[in-house]
2 protein chains.
Amino acid sequence: MIDKVLNLRIFTDEDDKLNNSLCDISGDILLVSQFTLYADCRKGRRPSFSGSCPPDIAAPLFDRLVADVRSAAPGQVATGEFGEEMFLDFTNWGPVTIILDSDEM
Amino acid sequence: MIDKVLNLRIFTDEDDKLNNSLCDISGDILLVSQFTLYADCRKGRRPSFSGSCPPDIAAPLFDRLVADVRSAAPGQVATGEFGEEMFLDFTNWGPVTIILDSDEM
């Protein structure tokens, strides 16, 4: 999955084509854990988060991910604070949003 | 799907619990079409967008969605420009990101 993220061709080249990966452009990366991505909203109006990993298991997994990405990424690796309430300011160019689900890879 | 989006309890109440929906807080909404969400990244390093809807079919569908949301939403409804390159500036509180896939509802 890390190899996929770092090498996926989702950045434009000089011809404005999606030919470059994060590695190609020596880009930085921001990793933020988010248990809400596992929300199950099929029933009623209240999302169920029972499919999300408990924090005591998820936090070490996230730490390992950060360490592995740091050793493989071409640029800076910033992270969110695990389990904390945050405000993430960012600019989505494109817009491009790509979902990589390890269950489907 | 519109009913689900407008009534899902994903905003905090005065006790900091996720009890309020967009309707409860009379919130505004920003709709942005994004064919990249349909990217298939399973093979190789180049995402395939062949599963995405062609623009001549997708644009009228998006217009209809915007009209339907406008007639049902409690507040302002802003939209992106269909098919245009944009920069989206926003602040993700939480962070909370929830995926609603009509194929799975």
# chains A, B, ... in the order shown; residues from 1 in each chain; ligands from 1
>>> calpha_fit_and_write(fixed="chain B", moving="chain A", output="tab-separated table (two decimals) with C-alpha atoms, in the first residue's frame")
chain	number	residue	atom	x	y	z
A	1	MET	CA	-29.10	9.52	-0.71
A	2	ILE	CA	-29.99	13.23	-0.39
A	3	ASP	CA	-32.15	12.46	2.64
A	4	LYS	CA	-29.24	10.50	4.12
A	5	VAL	CA	-26.74	13.33	3.60
A	6	LEU	CA	-29.00	16.00	5.04
A	7	ASN	CA	-30.08	13.98	8.07
A	8	LEU	CA	-26.98	12.06	9.06
A	9	ARG	CA	-25.98	12.90	12.64
A	10	ILE	CA	-22.40	14.00	12.15
A	11	PHE	CA	-22.30	17.39	13.87
A	12	THR	CA	-21.81	17.92	17.58
A	13	ASP	CA	-24.48	19.14	19.97
A	14	GLU	CA	-23.84	21.24	23.10
A	15	ASP	CA	-22.50	18.11	24.87
A	16	ASP	CA	-19.94	17.54	22.07
A	17	LYS	CA	-21.78	14.42	20.92
A	18	LEU	CA	-22.48	13.67	17.24
A	19	ASN	CA	-26.21	14.22	17.53
A	20	ASN	CA	-26.98	16.93	14.99
A	21	SER	CA	-27.57	16.70	11.27
A	22	LEU	CA	-27.02	19.37	8.64
A	23	CYS	CA	-30.74	20.11	8.91
A	24	ASP	CA	-30.51	20.44	12.71
A	25	ILE	CA	-27.77	23.06	12.50
A	26	SER	CA	-29.20	24.75	9.36
A	27	GLY	CA	-25.84	24.19	7.71
A	28	ASP	CA	-24.68	25.10	4.24
A	29	ILE	CA	-23.41	22.53	1.74
A	30	LEU	CA	-20.83	22.46	-1.05
A	31	LEU	CA	-21.38	19.98	-3.88
A	32	VAL	CA	-18.43	19.12	-6.10
A	33	SER	CA	-18.52	16.43	-8.79
A	34	GLN	CA	-15.39	14.29	-8.87
A	35	PHE	CA	-14.81	11.56	-11.41
A	36	THR	CA	-11.51	10.66	-9.70
A	37	LEU	CA	-13.46	9.02	-6.87
A	38	TYR	CA	-14.11	6.21	-9.35
A	39	ALA	CA	-10.40	5.64	-9.98
A	40	ASP	CA	-9.43	1.98	-10.14
A	41	CYS	CA	-5.86	1.74	-8.80
A	42	ARG	CA	-5.59	-2.03	-8.48
A	43	LYS	CA	-3.29	-2.55	-11.45
A	44	GLY	CA	0.11	-0.89	-11.81
A	45	ARG	CA	0.81	2.73	-11.06
A	46	ARG	CA	-1.63	4.49	-13.35
A	47	PRO	CA	-5.21	4.93	-12.09
A	48	SER	CA	-7.91	3.86	-14.54
A	49	PHE	CA	-10.86	6.21	-14.83
A	50	SER	CA	-12.78	4.09	-17.31
A	51	GLY	CA	-15.39	3.30	-14.64
A	52	SER	CA	-16.31	6.97	-14.34
A	53	CYS	CA	-19.41	8.31	-16.03
A	54	PRO	CA	-18.76	10.20	-19.31
A	55	PRO	CA	-19.24	13.99	-18.94
A	56	ASP	CA	-22.21	14.20	-21.31
A	57	ILE	CA	-24.15	11.84	-19.04
A	58	ALA	CA	-22.63	12.96	-15.75
A	59	ALA	CA	-23.18	16.72	-16.16
A	60	PRO	CA	-27.00	16.57	-16.39
A	61	LEU	CA	-27.06	14.08	-13.49
A	62	PHE	CA	-25.01	16.49	-11.40
A	63	ASP	CA	-27.31	19.40	-12.36
A	64	ARG	CA	-30.31	17.37	-11.25
A	65	LEU	CA	-28.60	16.53	-7.96
A	66	VAL	CA	-27.88	20.22	-7.33
A	67	ALA	CA	-31.50	21.17	-8.04
A	68	ASP	CA	-32.84	18.41	-5.78
A	69	VAL	CA	-30.47	19.32	-2.93
A	70	ARG	CA	-31.37	23.02	-3.28
A	71	SER	CA	-35.04	22.20	-2.82
A	72	ALA	CA	-34.35	20.06	0.27
A	73	ALA	CA	-31.39	21.66	2.04
A	74	PRO	CA	-31.82	24.00	5.01
A	75	GLY	CA	-29.14	26.51	4.01
A	76	GLN	CA	-27.03	27.71	1.11
A	77	VAL	CA	-25.98	25.22	-1.58
A	78	ALA	CA	-22.74	26.07	-3.38
A	79	THR	CA	-21.34	24.03	-6.25
A	80	GLY	CA	-18.10	23.43	-8.07
A	81	GLU	CA	-17.94	24.02	-11.82
A	82	PHE	CA	-18.50	20.69	-13.55
A	83	GLY	CA	-15.35	19.33	-15.19
A	84	GLU	CA	-13.24	22.39	-14.41
A	85	GLU	CA	-9.85	22.48	-12.76
A	86	MET	CA	-10.27	24.11	-9.37
A	87	PHE	CA	-8.54	24.76	-6.11
A	88	LEU	CA	-10.77	23.87	-3.18
A	89	ASP	CA	-9.75	25.57	0.06
A	90	PHE	CA	-11.35	24.10	3.10
A	91	THR	CA	-11.01	23.23	6.72
A	92	ASN	CA	-11.82	19.71	7.81
A	93	TRP	CA	-12.92	19.73	11.43
A	94	GLY	CA	-12.51	16.55	13.40
A	95	PRO	CA	-11.14	15.33	11.09
A	96	VAL	CA	-14.36	13.67	9.92
A	97	THR	CA	-14.57	12.13	6.46
A	98	ILE	CA	-17.49	9.85	5.69
A	99	ILE	CA	-17.89	7.82	2.51
A	100	LEU	CA	-21.46	7.21	1.32
A	101	ASP	CA	-21.47	4.85	-1.65
A	102	SER	CA	-24.89	4.39	-3.25
A	103	ASP	CA	-23.84	0.89	-4.32
A	104	GLU	CA	-23.49	-0.08	-0.67
A	105	MET	CA	-26.51	1.67	0.84
>>> select_by_dssp(residues="range 4-85 of chain A", states="strand (DSSP E)", output="list in words")
Phe11, Thr12, Leu18, Asn19, Asn20, Ile29, Leu30, Leu31, Val77, Ala78 and Thr79 of chain A
>>> write_last_selection(atoms="N, CA, C and O atoms", output="PDB file, in the first residue's frame")
ATOM      1  N   PHE A  11       0.021  13.144 -10.316  1.00  0.00           N
ATOM      2  CA  PHE A  11       0.427  14.543 -10.442  1.00  0.00           C
ATOM      3  C   PHE A  11       0.780  14.841 -11.898  1.00  0.00           C
ATOM      4  O   PHE A  11       1.275  13.963 -12.612  1.00  0.00           O
ATOM      5  N   THR A  12       0.523  16.076 -12.296  1.00  0.00           N
ATOM      6  CA  THR A  12       0.716  16.423 -13.711  1.00  0.00           C
ATOM      7  C   THR A  12       2.195  16.601 -14.059  1.00  0.00           C
ATOM      8  O   THR A  12       3.000  17.018 -13.233  1.00  0.00           O
ATOM      9  N   LEU A  18      -1.422  13.342 -16.144  1.00  0.00           N
ATOM     10  CA  LEU A  18      -1.180  12.709 -14.838  1.00  0.00           C
ATOM     11  C   LEU A  18      -0.118  11.620 -14.970  1.00  0.00           C
ATOM     12  O   LEU A  18      -0.416  10.435 -14.977  1.00  0.00           O
ATOM     13  N   ASN A  19       1.120  12.050 -15.088  1.00  0.00           N
ATOM     14  CA  ASN A  19       2.210  11.111 -15.320  1.00  0.00           C
ATOM     15  C   ASN A  19       3.157  10.969 -14.141  1.00  0.00           C
ATOM     16  O   ASN A  19       3.943  10.037 -14.092  1.00  0.00           O
ATOM     17  N   ASN A  20       3.114  11.887 -13.208  1.00  0.00           N
ATOM     18  CA  ASN A  20       4.109  11.908 -12.140  1.00  0.00           C
ATOM     19  C   ASN A  20       3.569  11.392 -10.806  1.00  0.00           C
ATOM     20  O   ASN A  20       2.435  11.664 -10.439  1.00  0.00           O
ATOM     21  N   ILE A  29       4.190  14.666   2.263  1.00  0.00           N
ATOM     22  CA  ILE A  29       2.984  13.872   2.510  1.00  0.00           C
ATOM     23  C   ILE A  29       2.485  14.155   3.929  1.00  0.00           C
ATOM     24  O   ILE A  29       3.286  14.393   4.844  1.00  0.00           O
ATOM     25  N   LEU A  30       1.179  14.175   4.071  1.00  0.00           N
ATOM     26  CA  LEU A  30       0.550  14.373   5.381  1.00  0.00           C
ATOM     27  C   LEU A  30      -0.294  13.141   5.691  1.00  0.00           C
ATOM     28  O   LEU A  30      -1.197  12.804   4.937  1.00  0.00           O
ATOM     29  N   LEU A  31       0.029  12.463   6.772  1.00  0.00           N
ATOM     30  CA  LEU A  31      -0.706  11.265   7.182  1.00  0.00           C
ATOM     31  C   LEU A  31      -1.610  11.599   8.357  1.00  0.00           C
ATOM     32  O   LEU A  31      -1.144  12.111   9.374  1.00  0.00           O
ATOM     33  N   VAL A  77       7.462  14.094   5.826  1.00  0.00           N
ATOM     34  CA  VAL A  77       6.259  13.371   6.230  1.00  0.00           C
ATOM     35  C   VAL A  77       5.716  14.013   7.496  1.00  0.00           C
ATOM     36  O   VAL A  77       6.337  13.945   8.556  1.00  0.00           O
ATOM     37  N   ALA A  78       4.573  14.671   7.380  1.00  0.00           N
ATOM     38  CA  ALA A  78       3.915  15.271   8.540  1.00  0.00           C
ATOM     39  C   ALA A  78       2.779  14.352   8.974  1.00  0.00           C
ATOM     40  O   ALA A  78       2.264  13.561   8.188  1.00  0.00           O
ATOM     41  N   THR A  79       2.388  14.451  10.238  1.00  0.00           N
ATOM     42  CA  THR A  79       1.311  13.590  10.724  1.00  0.00           C
ATOM     43  C   THR A  79       0.324  14.384  11.568  1.00  0.00           C
ATOM     44  O   THR A  79       0.666  15.414  12.148  1.00  0.00           O
TER      45      THR A  79
END
>>> select_by_dssp(residues="chain A", states="alpha helix (DSSP H)", output="list in words")
Ile2, Asp3, Lys4, Val5, Leu6, Asn7, Pro55, Asp56, Ile57, Ala58, Ala59, Pro60, Leu61, Phe62, Asp63, Arg64, Leu65, Val66, Ala67, Asp68, Val69, Arg70, Ser71 and Ala72 of chain A
>>> decode(residues="range 43-73 of chain A", atoms="N, CA, C and O atoms", output="mmCIF file, in the first residue's frame")
data_model
loop_
_atom_site.group_PDB
_atom_site.id
_atom_site.type_symbol
_atom_site.label_atom_id
_atom_site.label_comp_id
_atom_site.auth_asym_id
_atom_site.auth_seq_id
_atom_site.Cartn_x
_atom_site.Cartn_y
_atom_site.Cartn_z
ATOM 1 N N LYS A 43 -27.811 2.056 8.116
ATOM 2 C CA LYS A 43 -29.057 2.021 8.888
ATOM 3 C C LYS A 43 -29.306 3.356 9.576
ATOM 4 O O LYS A 43 -28.455 3.855 10.307
ATOM 5 N N GLY A 44 -30.501 3.898 9.374
ATOM 6 C CA GLY A 44 -30.926 5.086 10.116
ATOM 7 C C GLY A 44 -30.061 6.301 9.859
ATOM 8 O O GLY A 44 -29.453 6.438 8.801
ATOM 9 N N ARG A 45 -30.016 7.172 10.842
ATOM 10 C CA ARG A 45 -29.369 8.465 10.663
ATOM 11 C C ARG A 45 -28.122 8.617 11.511
ATOM 12 O O ARG A 45 -27.483 9.675 11.519
ATOM 13 N N ARG A 46 -27.769 7.565 12.257
ATOM 14 C CA ARG A 46 -26.615 7.669 13.133
ATOM 15 C C ARG A 46 -25.534 6.724 12.618
ATOM 16 O O ARG A 46 -25.724 5.516 12.587
ATOM 17 N N PRO A 47 -24.371 7.262 12.199
ATOM 18 C CA PRO A 47 -23.314 6.380 11.714
ATOM 19 C C PRO A 47 -22.840 5.431 12.817
ATOM 20 O O PRO A 47 -22.745 5.831 13.981
ATOM 21 N N SER A 48 -22.558 4.199 12.435
ATOM 22 C CA SER A 48 -21.973 3.246 13.381
ATOM 23 C C SER A 48 -20.468 3.173 13.149
ATOM 24 O O SER A 48 -20.014 2.995 12.024
ATOM 25 N N PHE A 49 -19.708 3.328 14.228
ATOM 26 C CA PHE A 49 -18.255 3.262 14.111
ATOM 27 C C PHE A 49 -17.710 1.963 14.704
ATOM 28 O O PHE A 49 -16.518 1.858 14.986
ATOM 29 N N SER A 50 -18.590 0.985 14.885
ATOM 30 C CA SER A 50 -18.153 -0.244 15.552
ATOM 31 C C SER A 50 -17.198 -1.054 14.672
ATOM 32 O O SER A 50 -16.519 -1.947 15.163
ATOM 33 N N GLY A 51 -17.140 -0.758 13.371
ATOM 34 C CA GLY A 51 -16.186 -1.457 12.508
ATOM 35 C C GLY A 51 -14.789 -0.878 12.572
ATOM 36 O O GLY A 51 -13.843 -1.463 12.039
ATOM 37 N N SER A 52 -14.638 0.264 13.236
ATOM 38 C CA SER A 52 -13.322 0.905 13.322
ATOM 39 C C SER A 52 -12.452 0.193 14.351
ATOM 40 O O SER A 52 -12.944 -0.393 15.310
ATOM 41 N N CYS A 53 -11.164 0.262 14.131
ATOM 42 C CA CYS A 53 -10.203 -0.393 15.026
ATOM 43 C C CYS A 53 -10.131 0.375 16.359
ATOM 44 O O CYS A 53 -10.071 1.597 16.371
ATOM 45 N N PRO A 54 -10.140 -0.342 17.492
ATOM 46 C CA PRO A 54 -10.005 0.347 18.785
ATOM 47 C C PRO A 54 -8.660 1.081 18.871
ATOM 48 O O PRO A 54 -7.661 0.604 18.323
ATOM 49 N N PRO A 55 -8.632 2.227 19.567
ATOM 50 C CA PRO A 55 -7.424 3.064 19.616
ATOM 51 C C PRO A 55 -6.181 2.325 20.105
ATOM 52 O O PRO A 55 -5.085 2.573 19.596
ATOM 53 N N ASP A 56 -6.334 1.420 21.067
ATOM 54 C CA ASP A 56 -5.131 0.771 21.602
ATOM 55 C C ASP A 56 -4.472 -0.153 20.580
ATOM 56 O O ASP A 56 -3.283 -0.462 20.693
ATOM 57 N N ILE A 57 -5.242 -0.604 19.594
ATOM 58 C CA ILE A 57 -4.650 -1.384 18.504
ATOM 59 C C ILE A 57 -4.275 -0.471 17.340
ATOM 60 O O ILE A 57 -3.242 -0.646 16.696
ATOM 61 N N ALA A 58 -5.110 0.530 17.104
ATOM 62 C CA ALA A 58 -4.909 1.393 15.935
ATOM 63 C C ALA A 58 -3.690 2.303 16.092
ATOM 64 O O ALA A 58 -2.954 2.527 15.123
ATOM 65 N N ALA A 59 -3.454 2.823 17.298
ATOM 66 C CA ALA A 59 -2.373 3.796 17.479
ATOM 67 C C ALA A 59 -1.006 3.212 17.127
ATOM 68 O O ALA A 59 -0.243 3.827 16.371
ATOM 69 N N PRO A 60 -0.652 2.013 17.645
ATOM 70 C CA PRO A 60 0.642 1.439 17.247
ATOM 71 C C PRO A 60 0.732 1.125 15.753
ATOM 72 O O PRO A 60 1.792 1.260 15.146
ATOM 73 N N LEU A 61 -0.420 0.718 15.151
ATOM 74 C CA LEU A 61 -0.424 0.461 13.706
ATOM 75 C C LEU A 61 -0.130 1.751 12.940
ATOM 76 O O LEU A 61 0.626 1.759 11.966
ATOM 77 N N PHE A 62 -0.730 2.846 13.402
ATOM 78 C CA PHE A 62 -0.511 4.128 12.737
ATOM 79 C C PHE A 62 0.950 4.560 12.897
ATOM 80 O O PHE A 62 1.577 5.030 11.934
ATOM 81 N N ASP A 63 1.498 4.361 14.116
ATOM 82 C CA ASP A 63 2.917 4.710 14.342
ATOM 83 C C ASP A 63 3.830 3.925 13.404
ATOM 84 O O ASP A 63 4.808 4.464 12.878
ATOM 85 N N ARG A 64 3.497 2.657 13.209
ATOM 86 C CA ARG A 64 4.336 1.841 12.326
ATOM 87 C C ARG A 64 4.231 2.331 10.887
ATOM 88 O O ARG A 64 5.231 2.387 10.158
ATOM 89 N N LEU A 65 3.010 2.684 10.483
ATOM 90 C CA LEU A 65 2.809 3.232 9.136
ATOM 91 C C LEU A 65 3.649 4.491 8.931
ATOM 92 O O LEU A 65 4.348 4.635 7.921
ATOM 93 N N VAL A 66 3.618 5.385 9.923
ATOM 94 C CA VAL A 66 4.379 6.637 9.818
ATOM 95 C C VAL A 66 5.874 6.338 9.672
ATOM 96 O O VAL A 66 6.553 6.905 8.810
ATOM 97 N N ALA A 67 6.371 5.419 10.486
ATOM 98 C CA ALA A 67 7.798 5.072 10.416
ATOM 99 C C ALA A 67 8.154 4.487 9.054
ATOM 100 O O ALA A 67 9.168 4.853 8.448
ATOM 101 N N ASP A 68 7.281 3.596 8.545
ATOM 102 C CA ASP A 68 7.561 2.964 7.251
ATOM 103 C C ASP A 68 7.502 3.976 6.109
ATOM 104 O O ASP A 68 8.310 3.917 5.178
ATOM 105 N N VAL A 69 6.534 4.898 6.177
ATOM 106 C CA VAL A 69 6.440 5.919 5.123
ATOM 107 C C VAL A 69 7.647 6.842 5.194
ATOM 108 O O VAL A 69 8.230 7.210 4.169
ATOM 109 N N ARG A 70 8.070 7.204 6.417
ATOM 110 C CA ARG A 70 9.242 8.097 6.559
ATOM 111 C C ARG A 70 10.484 7.484 5.923
ATOM 112 O O ARG A 70 11.297 8.187 5.338
ATOM 113 N N SER A 71 10.607 6.164 6.022
ATOM 114 C CA SER A 71 11.817 5.544 5.471
ATOM 115 C C SER A 71 11.725 5.375 3.954
ATOM 116 O O SER A 71 12.738 5.133 3.306
ATOM 117 N N ALA A 72 10.535 5.525 3.392
ATOM 118 C CA ALA A 72 10.370 5.312 1.947
ATOM 119 C C ALA A 72 10.060 6.580 1.163
ATOM 120 O O ALA A 72 10.295 6.619 -0.049
ATOM 121 N N ALA A 73 9.535 7.601 1.828
ATOM 122 C CA ALA A 73 9.045 8.779 1.106
ATOM 123 C C ALA A 73 10.193 9.672 0.659
ATOM 124 O O ALA A 73 11.242 9.717 1.298
#
